[in-house]
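Participant: Handing over entry36.pdb, PDB, C-alpha atoms and all ligand atoms.
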ATOM      1  CA  MET A   8     -54.894-125.668  11.030  1.00  0.00           C
ATOM      2  CA  GLU A   9     -53.817-129.132   9.829  1.00  0.00           C
ATOM      3  CA  SER A  10     -52.634-129.426   6.259  1.00  0.00           C
ATOM      4  CA  ILE A  11     -52.620-132.354   3.867  1.00  0.00           C
ATOM      5  CA  LYS A  12     -49.146-133.566   3.043  1.00  0.00           C
ATOM      6  CA  ALA A  13     -49.804-136.922   1.400  1.00  0.00           C
ATOM      7  CA  ALA A  14     -52.449-138.568  -0.755  1.00  0.00           C
ATOM      8  CA  ILE A  15     -52.612-142.359  -0.593  1.00  0.00           C
ATOM      9  CA  PHE A  16     -54.373-144.096  -3.473  1.00  0.00           C
ATOM     10  CA  ASP A  17     -55.860-147.544  -3.674  1.00  0.00           C
ATOM     11  CA  LEU A  18     -55.267-149.030  -7.156  1.00  0.00           C
ATOM     12  CA  ASP A  19     -58.118-151.247  -8.309  1.00  0.00           C
ATOM     13  CA  GLY A  20     -61.335-149.224  -8.507  1.00  0.00           C
ATOM     14  CA  VAL A  21     -59.645-145.852  -7.975  1.00  0.00           C
ATOM     15  CA  ILE A  22     -56.885-145.497 -10.587  1.00  0.00           C
ATOM     16  CA  VAL A  23     -57.719-148.396 -12.846  1.00  0.00           C
ATOM     17  CA  ASP A  24     -60.495-150.977 -13.217  1.00  0.00           C
ATOM     18  CA  THR A  25     -58.745-154.304 -12.851  1.00  0.00           C
ATOM     19  CA  ALA A  26     -61.814-155.882 -11.197  1.00  0.00           C
ATOM     20  CA  LYS A  27     -63.003-157.012 -14.636  1.00  0.00           C
ATOM     21  CA  TYR A  28     -59.768-158.947 -15.221  1.00  0.00           C
ATOM     22  CA  HIS A  29     -59.855-160.429 -11.720  1.00  0.00           C
ATOM     23  CA  TYR A  30     -63.409-161.571 -12.543  1.00  0.00           C
ATOM     24  CA  LEU A  31     -62.432-163.221 -15.833  1.00  0.00           C
ATOM     25  CA  ALA A  32     -59.608-165.122 -14.165  1.00  0.00           C
ATOM     26  CA  TRP A  33     -61.613-166.175 -11.078  1.00  0.00           C
ATOM     27  CA  LYS A  34     -64.556-167.171 -13.312  1.00  0.00           C
ATOM     28  CA  ARG A  35     -62.264-169.452 -15.317  1.00  0.00           C
ATOM     29  CA  LEU A  36     -61.168-171.158 -12.110  1.00  0.00           C
ATOM     30  CA  ALA A  37     -64.732-171.321 -10.748  1.00  0.00           C
ATOM     31  CA  ASP A  38     -65.919-172.915 -14.029  1.00  0.00           C
ATOM     32  CA  GLU A  39     -63.224-175.581 -13.699  1.00  0.00           C
ATOM     33  CA  LEU A  40     -64.453-176.307 -10.176  1.00  0.00           C
ATOM     34  CA  GLY A  41     -68.109-176.317 -11.256  1.00  0.00           C
ATOM     35  CA  ILE A  42     -68.905-173.253  -9.119  1.00  0.00           C
ATOM     36  CA  ASP A  43     -71.428-170.712 -10.364  1.00  0.00           C
ATOM     37  CA  PHE A  44     -69.588-167.406  -9.804  1.00  0.00           C
ATOM     38  CA  THR A  45     -71.470-164.272 -10.867  1.00  0.00           C
ATOM     39  CA  LEU A  46     -70.533-160.630 -11.437  1.00  0.00           C
ATOM     40  CA  GLU A  47     -72.524-159.835  -8.324  1.00  0.00           C
ATOM     41  CA  ASP A  48     -70.376-162.271  -6.328  1.00  0.00           C
ATOM     42  CA  ASN A  49     -67.313-160.517  -7.763  1.00  0.00           C
ATOM     43  CA  GLU A  50     -68.270-157.340  -5.855  1.00  0.00           C
ATOM     44  CA  ARG A  51     -67.371-159.187  -2.650  1.00  0.00           C
ATOM     45  CA  LEU A  52     -63.778-159.624  -3.862  1.00  0.00           C
ATOM     46  CA  LYS A  53     -62.987-155.938  -4.311  1.00  0.00           C
ATOM     47  CA  GLY A  54     -60.110-154.828  -2.100  1.00  0.00           C
ATOM     48  CA  VAL A  55     -59.827-158.341  -0.647  1.00  0.00           C
ATOM     49  CA  SER A  56     -56.559-160.339  -0.789  1.00  0.00           C
ATOM     50  CA  ARG A  57     -56.001-163.099  -3.357  1.00  0.00           C
ATOM     51  CA  MET A  58     -56.316-165.997  -0.876  1.00  0.00           C
ATOM     52  CA  LYS A  59     -59.339-164.483   0.851  1.00  0.00           C
ATOM     53  CA  SER A  60     -60.957-164.048  -2.605  1.00  0.00           C
ATOM     54  CA  LEU A  61     -60.436-167.747  -3.338  1.00  0.00           C
ATOM     55  CA  GLU A  62     -61.921-168.662   0.038  1.00  0.00           C
ATOM     56  CA  ILE A  63     -65.041-166.605  -0.729  1.00  0.00           C
ATOM     57  CA  ILE A  64     -65.461-168.414  -4.072  1.00  0.00           C
ATOM     58  CA  LEU A  65     -65.010-171.831  -2.450  1.00  0.00           C
ATOM     59  CA  GLU A  66     -67.535-170.863   0.207  1.00  0.00           C
ATOM     60  CA  ILE A  67     -70.028-169.901  -2.540  1.00  0.00           C
ATOM     61  CA  GLY A  68     -69.494-173.349  -4.111  1.00  0.00           C
ATOM     62  CA  LYS A  69     -69.529-175.058  -0.682  1.00  0.00           C
ATOM     63  CA  GLN A  70     -66.169-176.668  -1.438  1.00  0.00           C
ATOM     64  CA  SER A  71     -63.089-177.047   0.718  1.00  0.00           C
ATOM     65  CA  PHE A  72     -59.484-177.952  -0.068  1.00  0.00           C
ATOM     66  CA  LYS A  73     -56.245-178.304   1.820  1.00  0.00           C
ATOM     67  CA  SER A  74     -53.940-175.329   1.820  1.00  0.00           C
ATOM     68  CA  GLU A  75     -51.426-176.666  -0.788  1.00  0.00           C
ATOM     69  CA  ASP A  76     -54.314-177.110  -3.227  1.00  0.00           C
ATOM     70  CA  LYS A  77     -55.593-173.613  -2.509  1.00  0.00           C
ATOM     71  CA  GLU A  78     -52.097-172.181  -3.084  1.00  0.00           C
ATOM     72  CA  ALA A  79     -51.970-173.944  -6.467  1.00  0.00           C
ATOM     73  CA  MET A  80     -55.429-172.626  -7.417  1.00  0.00           C
ATOM     74  CA  ALA A  81     -54.532-169.046  -6.451  1.00  0.00           C
ATOM     75  CA  GLU A  82     -51.318-169.376  -8.447  1.00  0.00           C
ATOM     76  CA  LYS A  83     -53.230-170.630 -11.494  1.00  0.00           C
ATOM     77  CA  LYS A  84     -55.725-167.754 -11.255  1.00  0.00           C
ATOM     78  CA  ASN A  85     -52.862-165.270 -10.985  1.00  0.00           C
ATOM     79  CA  LYS A  86     -51.209-166.699 -14.109  1.00  0.00           C
ATOM     80  CA  TRP A  87     -54.429-166.122 -16.070  1.00  0.00           C
ATOM     81  CA  TYR A  88     -54.910-162.690 -14.489  1.00  0.00           C
ATOM     82  CA  ARG A  89     -51.384-161.687 -15.533  1.00  0.00           C
ATOM     83  CA  GLU A  90     -52.145-162.745 -19.106  1.00  0.00           C
ATOM     84  CA  TYR A  91     -55.129-160.352 -19.101  1.00  0.00           C
ATOM     85  CA  ILE A  92     -53.272-157.392 -17.565  1.00  0.00           C
ATOM     86  CA  GLU A  93     -50.338-157.949 -19.916  1.00  0.00           C
ATOM     87  CA  LYS A  94     -52.325-156.085 -22.583  1.00  0.00           C
ATOM     88  CA  MET A  95     -53.155-153.063 -20.388  1.00  0.00           C
ATOM     89  CA  ASP A  96     -51.968-149.610 -21.347  1.00  0.00           C
ATOM     90  CA  GLU A  97     -52.505-145.924 -20.489  1.00  0.00           C
ATOM     91  CA  SER A  98     -55.987-145.981 -22.026  1.00  0.00           C
ATOM     92  CA  GLU A  99     -57.200-148.034 -19.041  1.00  0.00           C
ATOM     93  CA  LEU A 100     -56.549-145.269 -16.509  1.00  0.00           C
ATOM     94  CA  LEU A 101     -59.861-144.255 -14.944  1.00  0.00           C
ATOM     95  CA  LYS A 102     -61.177-140.816 -15.900  1.00  0.00           C
ATOM     96  CA  GLY A 103     -59.406-137.944 -14.144  1.00  0.00           C
ATOM     97  CA  ALA A 104     -56.870-140.113 -12.290  1.00  0.00           C
ATOM     98  CA  LYS A 105     -53.753-138.984 -14.129  1.00  0.00           C
ATOM     99  CA  LYS A 106     -54.756-135.309 -14.163  1.00  0.00           C
ATOM    100  CA  PHE A 107     -55.414-135.231 -10.407  1.00  0.00           C
ATOM    101  CA  ILE A 108     -52.217-137.114  -9.528  1.00  0.00           C
ATOM    102  CA  GLU A 109     -50.217-134.767 -11.760  1.00  0.00           C
ATOM    103  CA  ALA A 110     -51.775-131.755 -10.023  1.00  0.00           C
ATOM    104  CA  LEU A 111     -50.830-133.151  -6.592  1.00  0.00           C
ATOM    105  CA  LYS A 112     -47.234-133.693  -7.693  1.00  0.00           C
ATOM    106  CA  GLY A 113     -47.102-130.147  -9.016  1.00  0.00           C
ATOM    107  CA  ALA A 114     -48.251-128.934  -5.592  1.00  0.00           C
ATOM    108  CA  ASP A 115     -45.529-130.860  -3.793  1.00  0.00           C
ATOM    109  CA  THR A 116     -47.873-133.356  -2.127  1.00  0.00           C
ATOM    110  CA  LYS A 117     -46.491-136.843  -1.529  1.00  0.00           C
ATOM    111  CA  VAL A 118     -48.233-139.392  -3.727  1.00  0.00           C
ATOM    112  CA  VAL A 119     -48.359-142.951  -2.390  1.00  0.00           C
ATOM    113  CA  LEU A 120     -49.991-146.196  -3.530  1.00  0.00           C
ATOM    114  CA  GLY A 121     -51.672-148.400  -0.909  1.00  0.00           C
ATOM    115  CA  SER A 122     -52.994-151.522  -2.616  1.00  0.00           C
ATOM    116  CA  ALA A 123     -53.655-155.142  -1.658  1.00  0.00           C
ATOM    117  CA  SER A 124     -52.440-156.285  -5.064  1.00  0.00           C
ATOM    118  CA  LYS A 125     -49.143-158.104  -5.498  1.00  0.00           C
ATOM    119  CA  ASN A 126     -49.302-157.093  -9.159  1.00  0.00           C
ATOM    120  CA  ALA A 127     -49.488-153.336  -8.454  1.00  0.00           C
ATOM    121  CA  MET A 128     -45.978-152.522  -9.711  1.00  0.00           C
ATOM    122  CA  SER A 129     -46.515-154.150 -13.103  1.00  0.00           C
ATOM    123  CA  ILE A 130     -49.881-152.407 -13.499  1.00  0.00           C
ATOM    124  CA  LEU A 131     -48.454-148.955 -12.634  1.00  0.00           C
ATOM    125  CA  ASN A 132     -45.698-149.576 -15.158  1.00  0.00           C
ATOM    126  CA  LYS A 133     -48.109-150.633 -17.866  1.00  0.00           C
ATOM    127  CA  ILE A 134     -50.377-147.620 -17.428  1.00  0.00           C
ATOM    128  CA  GLU A 135     -47.277-145.419 -17.320  1.00  0.00           C
ATOM    129  CA  ILE A 136     -47.850-143.538 -14.082  1.00  0.00           C
ATOM    130  CA  ILE A 137     -45.254-145.199 -11.859  1.00  0.00           C
ATOM    131  CA  HIS A 138     -42.999-142.115 -11.962  1.00  0.00           C
ATOM    132  CA  TYR A 139     -45.585-140.008 -10.089  1.00  0.00           C
ATOM    133  CA  PHE A 140     -45.408-142.209  -6.987  1.00  0.00           C
ATOM    134  CA  ASP A 141     -43.082-141.365  -4.117  1.00  0.00           C
ATOM    135  CA  GLU A 142     -43.766-144.799  -2.619  1.00  0.00           C
ATOM    136  CA  VAL A 143     -45.634-147.935  -3.659  1.00  0.00           C
ATOM    137  CA  ILE A 144     -46.945-150.085  -0.812  1.00  0.00           C
ATOM    138  CA  ASP A 145     -48.520-153.201  -2.278  1.00  0.00           C
ATOM    139  CA  GLY A 146     -49.490-156.727  -1.283  1.00  0.00           C
ATOM    140  CA  THR A 147     -45.842-157.830  -1.349  1.00  0.00           C
ATOM    141  CA  ARG A 148     -44.939-155.368   1.414  1.00  0.00           C
ATOM    142  CA  VAL A 149     -47.591-155.922   4.063  1.00  0.00           C
ATOM    143  CA  LYS A 150     -48.534-158.845   6.272  1.00  0.00           C
ATOM    144  CA  ASN A 151     -52.038-157.762   7.232  1.00  0.00           C
ATOM    145  CA  ALA A 152     -54.709-157.109   4.626  1.00  0.00           C
ATOM    146  CA  LYS A 153     -57.222-154.210   4.807  1.00  0.00           C
ATOM    147  CA  PRO A 154     -59.213-153.451   7.020  1.00  0.00           C
ATOM    148  CA  ASP A 155     -55.948-153.656   8.958  1.00  0.00           C
ATOM    149  CA  PRO A 156     -54.355-150.181   8.694  1.00  0.00           C
ATOM    150  CA  GLU A 157     -50.819-151.536   8.025  1.00  0.00           C
ATOM    151  CA  VAL A 158     -50.709-150.655   4.302  1.00  0.00           C
ATOM    152  CA  PHE A 159     -51.647-147.013   4.918  1.00  0.00           C
ATOM    153  CA  LEU A 160     -49.500-146.563   8.040  1.00  0.00           C
ATOM    154  CA  LEU A 161     -46.504-147.914   6.148  1.00  0.00           C
ATOM    155  CA  GLY A 162     -47.364-145.609   3.245  1.00  0.00           C
ATOM    156  CA  ALA A 163     -47.366-142.562   5.523  1.00  0.00           C
ATOM    157  CA  SER A 164     -44.184-143.447   7.385  1.00  0.00           C
ATOM    158  CA  SER A 165     -42.331-144.301   4.177  1.00  0.00           C
ATOM    159  CA  VAL A 166     -42.736-140.694   2.996  1.00  0.00           C
ATOM    160  CA  GLY A 167     -42.203-139.224   6.476  1.00  0.00           C
ATOM    161  CA  VAL A 168     -45.755-137.890   6.903  1.00  0.00           C
ATOM    162  CA  LYS A 169     -47.915-138.280  10.015  1.00  0.00           C
ATOM    163  CA  PRO A 170     -51.185-140.247   9.540  1.00  0.00           C
ATOM    164  CA  GLU A 171     -53.275-137.202  10.461  1.00  0.00           C
ATOM    165  CA  ASN A 172     -51.797-135.375   7.471  1.00  0.00           C
ATOM    166  CA  CYS A 173     -52.834-138.053   4.967  1.00  0.00           C
ATOM    167  CA  VAL A 174     -55.935-138.518   2.847  1.00  0.00           C
ATOM    168  CA  VAL A 175     -56.827-141.961   1.464  1.00  0.00           C
ATOM    169  CA  PHE A 176     -58.781-142.539  -1.777  1.00  0.00           C
ATOM    170  CA  GLU A 177     -60.559-145.916  -1.659  1.00  0.00           C
ATOM    171  CA  ASP A 178     -63.358-147.769  -3.434  1.00  0.00           C
ATOM    172  CA  ALA A 179     -63.836-150.615  -0.931  1.00  0.00           C
ATOM    173  CA  GLU A 180     -65.406-150.768   2.487  1.00  0.00           C
ATOM    174  CA  ALA A 181     -62.409-152.591   3.980  1.00  0.00           C
ATOM    175  CA  GLY A 182     -60.141-149.813   2.685  1.00  0.00           C
ATOM    176  CA  ILE A 183     -62.277-147.049   4.225  1.00  0.00           C
ATOM    177  CA  GLU A 184     -62.132-148.867   7.550  1.00  0.00           C
ATOM    178  CA  ALA A 185     -58.346-149.331   7.212  1.00  0.00           C
ATOM    179  CA  ALA A 186     -57.908-145.586   6.559  1.00  0.00           C
ATOM    180  CA  HIS A 187     -59.954-144.694   9.621  1.00  0.00           C
ATOM    181  CA  ARG A 188     -58.082-147.177  11.778  1.00  0.00           C
ATOM    182  CA  ALA A 189     -54.873-145.510  10.560  1.00  0.00           C
ATOM    183  CA  GLY A 190     -56.247-142.146  11.712  1.00  0.00           C
ATOM    184  CA  MET A 191     -56.584-140.770   8.174  1.00  0.00           C
ATOM    185  CA  LEU A 192     -59.358-139.032   6.269  1.00  0.00           C
ATOM    186  CA  ALA A 193     -61.045-141.303   3.720  1.00  0.00           C
ATOM    187  CA  VAL A 194     -62.529-140.230   0.404  1.00  0.00           C
ATOM    188  CA  GLY A 195     -64.771-142.968  -1.013  1.00  0.00           C
ATOM    189  CA  VAL A 196     -64.485-143.307  -4.793  1.00  0.00           C
ATOM    190  CA  GLY A 197     -67.501-144.759  -6.611  1.00  0.00           C
ATOM    191  CA  GLU A 198     -71.251-145.019  -6.339  1.00  0.00           C
ATOM    192  CA  SER A 199     -71.365-147.937  -3.990  1.00  0.00           C
ATOM    193  CA  GLU A 200     -73.572-148.034  -0.891  1.00  0.00           C
ATOM    194  CA  THR A 201     -70.588-149.503   0.925  1.00  0.00           C
ATOM    195  CA  LEU A 202     -68.914-146.089   0.875  1.00  0.00           C
ATOM    196  CA  LYS A 203     -71.326-144.613   3.383  1.00  0.00           C
ATOM    197  CA  ASN A 204     -68.656-144.724   6.108  1.00  0.00           C
ATOM    198  CA  SER A 205     -66.244-142.537   4.153  1.00  0.00           C
ATOM    199  CA  ASP A 206     -65.737-138.908   5.212  1.00  0.00           C
ATOM    200  CA  PHE A 207     -66.313-137.660   1.680  1.00  0.00           C
ATOM    201  CA  ARG A 208     -67.381-139.243  -1.568  1.00  0.00           C
ATOM    202  CA  VAL A 209     -66.782-138.672  -5.269  1.00  0.00           C
ATOM    203  CA  SER A 210     -67.954-140.865  -8.131  1.00  0.00           C
ATOM    204  CA  GLY A 211     -64.481-140.784  -9.700  1.00  0.00           C
ATOM    205  CA  LEU A 212     -61.197-138.883  -9.492  1.00  0.00           C
ATOM    206  CA  ASP A 213     -62.423-136.701 -12.359  1.00  0.00           C
ATOM    207  CA  GLU A 214     -64.514-134.994  -9.666  1.00  0.00           C
ATOM    208  CA  MET A 215     -61.397-134.123  -7.633  1.00  0.00           C
ATOM    209  CA  SER A 216     -59.215-131.054  -8.002  1.00  0.00           C
ATOM    210  CA  LEU A 217     -56.327-129.540  -6.086  1.00  0.00           C
ATOM    211  CA  GLU A 218     -58.684-126.877  -4.744  1.00  0.00           C
ATOM    212  CA  LYS A 219     -61.122-129.461  -3.344  1.00  0.00           C
ATOM    213  CA  PHE A 220     -58.260-131.531  -1.974  1.00  0.00           C
ATOM    214  CA  ASN A 221     -56.945-128.570   0.009  1.00  0.00           C
ATOM    215  CA  LEU A 222     -60.397-127.926   1.440  1.00  0.00           C
ATOM    216  CA  LEU A 223     -60.834-131.420   2.905  1.00  0.00           C
ATOM    217  CA  PHE A 224     -59.325-130.555   6.300  1.00  0.00           C
ATOM    218  CA  LYS A 225     -61.494-127.461   6.583  1.00  0.00           C
ATOM    219  CA  PHE A 226     -64.739-129.384   7.033  1.00  0.00           C
ATOM    220  CA  LYS A 227     -66.241-129.661  10.484  1.00  0.00           C
ATOM    221  CA  GLU A 228     -66.613-133.227  11.798  1.00  0.00           C
ATOM    222  CA  SER A 229     -70.408-132.929  11.661  1.00  0.00           C
ATOM    223  CA  ASP A 230     -70.341-131.889   7.981  1.00  0.00           C
ATOM    224  CA  LYS A 231     -68.534-134.981   6.717  1.00  0.00           C
ATOM    225  CA  LYS A 232     -70.181-138.438   6.970  1.00  0.00           C
ATOM    226  CA  GLY A 233     -69.767-139.470   3.355  1.00  0.00           C
ATOM    227  CA  ILE A 234     -70.956-136.221   1.774  1.00  0.00           C
ATOM    228  CA  ASN A 235     -70.725-136.168  -1.959  1.00  0.00           C
ATOM    229  CA  ILE A 236     -68.150-133.509  -2.760  1.00  0.00           C
ATOM    230  CA  GLY A 237     -68.405-134.193  -6.474  1.00  0.00           C
ATOM    231  CA  ASN A 238     -70.705-131.271  -7.021  1.00  0.00           C
ATOM    232  CA  LYS A 239     -70.819-129.785  -3.501  1.00  0.00           C
ATOM    233  CA  ILE A 240     -67.522-127.873  -3.381  1.00  0.00           C
TER     234      ILE A 240
HETATM  235  P1  LIG B   1     -53.542-159.640  -6.554  1.00  0.00           P
HETATM  236  P2  LIG B   1     -56.747-152.933  -4.506  1.00  0.00           P
HETATM  237  C1  LIG B   1     -57.067-155.565  -4.805  1.00  0.00           C
HETATM  238  O1  LIG B   1     -56.572-154.336  -5.292  1.00  0.00           O
HETATM  239  C2  LIG B   1     -58.277-155.992  -5.638  1.00  0.00           C
HETATM  240  O2  LIG B   1     -59.348-155.063  -5.445  1.00  0.00           O
HETATM  241  C3  LIG B   1     -58.725-157.358  -5.181  1.00  0.00           C
HETATM  242  O3  LIG B   1     -59.846-157.784  -5.929  1.00  0.00           O
HETATM  243  C4  LIG B   1     -57.559-158.354  -5.332  1.00  0.00           C
HETATM  244  O4  LIG B   1     -57.932-159.640  -4.886  1.00  0.00           O
HETATM  245  C5  LIG B   1     -56.362-157.829  -4.528  1.00  0.00           C
HETATM  246  O5  LIG B   1     -56.017-156.531  -4.973  1.00  0.00           O
HETATM  247  C6  LIG B   1     -55.142-158.732  -4.647  1.00  0.00           C
HETATM  248  O6  LIG B   1     -54.691-158.680  -5.968  1.00  0.00           O
HETATM  249  O7  LIG B   1     -54.145-160.982  -6.786  1.00  0.00           O
HETATM  250  O8  LIG B   1     -53.125-158.922  -7.827  1.00  0.00           O
HETATM  251  O9  LIG B   1     -52.413-159.675  -5.547  1.00  0.00           O
HETATM  252  O10 LIG B   1     -58.193-152.560  -4.620  1.00  0.00           O
HETATM  253  O11 LIG B   1     -56.280-153.125  -3.062  1.00  0.00           O
HETATM  254  O12 LIG B   1     -55.841-152.020  -5.288  1.00  0.00           O
HETATM  255 MG    MG B   2     -59.826-151.090  -4.580  1.00  0.00          MG
END
Go ahead and render the structure in this file as structure tokens.
Ligand code: B16
Ligand code: MG

Facilitator:
Amino acid sequence: MESIKAAIFDLDGVIVDTAKYHYLAWKRLADELGIDFTLEDNERLKGVSRMKSLEIILEIGKQSFKSEDKEAMAEKKNKWYREYIEKMDESELLKGAKKFIEALKGADTKVVLGSASKNAMSILNKIEIIHYFDEVIDGTRVKNAKPDPEVFLLGASSVGVKPENCVVFEDAEAGIEAAHRAGMLAVGVGESETLKNSDFRVSGLDEMSLEKFNLLFKFKESDKKGINIGNKI
């Protein structure tokens, strides 16, 4: 029987809700450009890299710029975003995240971060959970964004665990696909319809426990397909 040796967590949408700060900063840029950028549009940016996010916004506004200009815009957005996250603290941890991560550490499971964000280190520091992580793989360490599996494969190898012994917790479709392409089990976190490709689903980490975590490899292939394990096991 396989056993789970590492848990790999996405950051935004799983441990903390930074999407609201990304939205405020992108909205400020969109307003400057005269682009109508809504909260609904913001859903499309979840889990997506900074430059790709900008390209989606420009596509919404039917605008195009040369790459130096886009670099400057992304830089400007990031400056505003960093001003917003500057004020973050422990109270912004999503419900159940710290408790579950603590339980995994107590059980000797490797805990790894696998995020697209280049600001992941500062956020983990601000919310005071950095010390639980054996490895942090963020946007500064990978070349290929999710759905490419690079971030998760690097996460597994950096703690010396085989992909088949890892479980990924993700809130975005691209992240679920990246986990599967890495050969890992994927637990979708959130209510979103886009999580239907995950092997299991919970609405938040408050629905996870060490007991449930250890049961994940015991499910038959046919029993998975995005089942909600929040109240099932
Ligand atoms: P940054 P995740 C992602 O974080 C966010 O979901 C996404 O909206 C953002 O564009 C991306 O990080 C890059 O963030 O601008 O801070 O480098 O979900 O992969 O933890
Ligand atoms: Mg995410």

Participant: I need the residue nearest A:Val166 from this list: A:Ala37, A:Leu120, A:Ala127, A:Ile134. Use only C-alpha atoms for the distance.

Facilitator: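 The shortest atom-to-atom distance to A:Val166 comes from A:Leu120.
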
Participant: So that each row is one residue of chain A with an atom at most 7 Å from ligand MG 2 (chain B), can you give its shortest atom pair and the distance in Å to one decimal, using all atoms listed in the file, rows by chain and rising number, as a tab-separated table?

Facilitator:
residue	atom	partner	partner_atom	distance
A:Asp17	CA	B:MG2	MG	5.4
A:Leu18	CA	B:MG2	MG	5.6
A:Asp19	CA	B:MG2	MG	4.1
A:Gly20	CA	B:MG2	MG	4.6
A:Val21	CA	B:MG2	MG	6.2
A:Lys53	CA	B:MG2	MG	5.8
A:Gly54	CA	B:MG2	MG	4.5
A:Glu177	CA	B:MG2	MG	6.0
A:Asp178	CA	B:MG2	MG	5.0
A:Ala179	CA	B:MG2	MG	5.4

Participant: Report as CSV: every residue of chain A with an atom at most 10 Å from ligand LIG 1 (chain B), its closest pair of atoms, and their distance in Å to one decimal, counting only C-alpha atoms and all ligand atoms, with rows sorted by chain and ascending residue number.

Facilitator:
residue,atom,partner,partner_atom,distance
A:Phe16,CA,B:LIG1,O12,8.3
A:Asp17,CA,B:LIG1,O12,4.8
A:Leu18,CA,B:LIG1,O12,3.6
A:Asp19,CA,B:LIG1,O12,3.9
A:Gly20,CA,B:LIG1,O10,6.0
A:Val21,CA,B:LIG1,O10,7.6
A:Ile22,CA,B:LIG1,O12,8.5
A:Val23,CA,B:LIG1,O12,8.6
A:Asp24,CA,B:LIG1,O2,8.9
A:Thr25,CA,B:LIG1,C2,7.4
A:Ala26,CA,B:LIG1,O3,5.9
A:Lys27,CA,B:LIG1,O3,9.3
A:Tyr28,CA,B:LIG1,O3,9.4
A:His29,CA,B:LIG1,O3,6.4
A:Tyr30,CA,B:LIG1,O3,8.4
A:Trp33,CA,B:LIG1,O4,9.7
A:Asn49,CA,B:LIG1,O3,8.2
A:Glu50,CA,B:LIG1,O3,8.4
A:Arg51,CA,B:LIG1,O3,8.3
A:Leu52,CA,B:LIG1,O3,4.8
A:Lys53,CA,B:LIG1,O2,3.9
A:Gly54,CA,B:LIG1,O2,3.4
A:Val55,CA,B:LIG1,C3,4.8
A:Ser56,CA,B:LIG1,O4,4.4
A:Arg57,CA,B:LIG1,O4,4.2
A:Met58,CA,B:LIG1,O4,7.7
A:Lys59,CA,B:LIG1,O4,7.6
A:Ser60,CA,B:LIG1,O4,5.8
A:Leu61,CA,B:LIG1,O4,8.6
A:Ala81,CA,B:LIG1,O7,8.1
A:Glu82,CA,B:LIG1,O7,9.0
A:Lys84,CA,B:LIG1,O7,8.3
A:Asn85,CA,B:LIG1,O7,6.1
A:Lys86,CA,B:LIG1,O7,9.7
A:Tyr88,CA,B:LIG1,O8,7.9
A:Arg89,CA,B:LIG1,O8,8.4
A:Ile92,CA,B:LIG1,O8,9.9
A:Leu120,CA,B:LIG1,O12,8.4
A:Gly121,CA,B:LIG1,O11,6.9
A:Ser122,CA,B:LIG1,O11,3.7
A:Ala123,CA,B:LIG1,O11,3.6
A:Ser124,CA,B:LIG1,O6,3.4
A:Lys125,CA,B:LIG1,O9,3.6
A:Asn126,CA,B:LIG1,O8,4.4
A:Ala127,CA,B:LIG1,O8,6.7
A:Met128,CA,B:LIG1,O8,9.8
A:Ser129,CA,B:LIG1,O8,9.7
A:Ile130,CA,B:LIG1,O8,9.2
A:Asp145,CA,B:LIG1,O11,7.8
A:Gly146,CA,B:LIG1,O9,6.0
A:Thr147,CA,B:LIG1,O9,8.0
A:Ala152,CA,B:LIG1,O11,8.8
A:Lys153,CA,B:LIG1,O11,8.0
A:Val158,CA,B:LIG1,O11,9.6
A:Glu177,CA,B:LIG1,O10,7.6
A:Asp178,CA,B:LIG1,O10,7.1
A:Ala179,CA,B:LIG1,O10,7.0
A:Ala181,CA,B:LIG1,O11,9.4
A:Gly182,CA,B:LIG1,O11,7.7

Participant: Could you check which of A:Tyr91, A:Ala13, A:Ser210, A:Lys73 is closest to A:Asp141, using all atoms listed in the file?

Facilitator: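 Selected residue with least distance to A:Asp141: A:Ala13.
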
Participant: When the PyMOL selection byres (((chain A and resi 95-97) around 7) and not hetatm) is applied to the file above, which residues end up in the set, as a VMD selection string?

Facilitator: chain A and resid 92 to 94 98 to 100 133 to 135

Participant: Measuring atom to atom with all atoms listed in the file, identify which of A:Ile108, A:Val175, A:Met215, A:Ile136 is nearest to A:Ala163.

Facilitator: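 Smallest separation from A:Ala163 among the options: A:Val175.
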
Participant: Take atom CA of A:Gln70 and atom CA of A:Glu47 and report the distance between them in Å, one decimal.

Facilitator: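 That distance, rounded to one decimal, is 19.3 Å.
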
Participant: Please evaluate the PyMOL selection byres (((chain A and resi 211) around 8) and not hetatm) against the displayed coordinates and give the resulting residues as a list in words.

Facilitator: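 Here the PyMOL selection byres (((chain A and resi 211) around 8) and not hetatm) matches Val21, Leu101, Lys102, Gly103, Val196, Gly197, Val209, Ser210, Leu212, Asp213, Glu214 and Met215 of chain A.
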
Participant: Rank A:Glu62, A:Ser10, A:Ala110, A:Ala189 by their smallest atom-to-atom distance to A:Asp76, using all atoms listed in the file, and report the top residue only.

Facilitator: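 Closest to A:Asp76 of all the choices is A:Glu62.
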
Participant: Just to confirm, what's the straight-line distance from atom CA of A:Glu90 to atom CA of A:Lys34 in Å (one decimal)?

Facilitator: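 Between these atoms lies a distance of 14.4 Å.
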
Participant: How many Å separate atom CA of A:Phe220 from atom CA of A:Ala186?

Facilitator: 16.4 Å
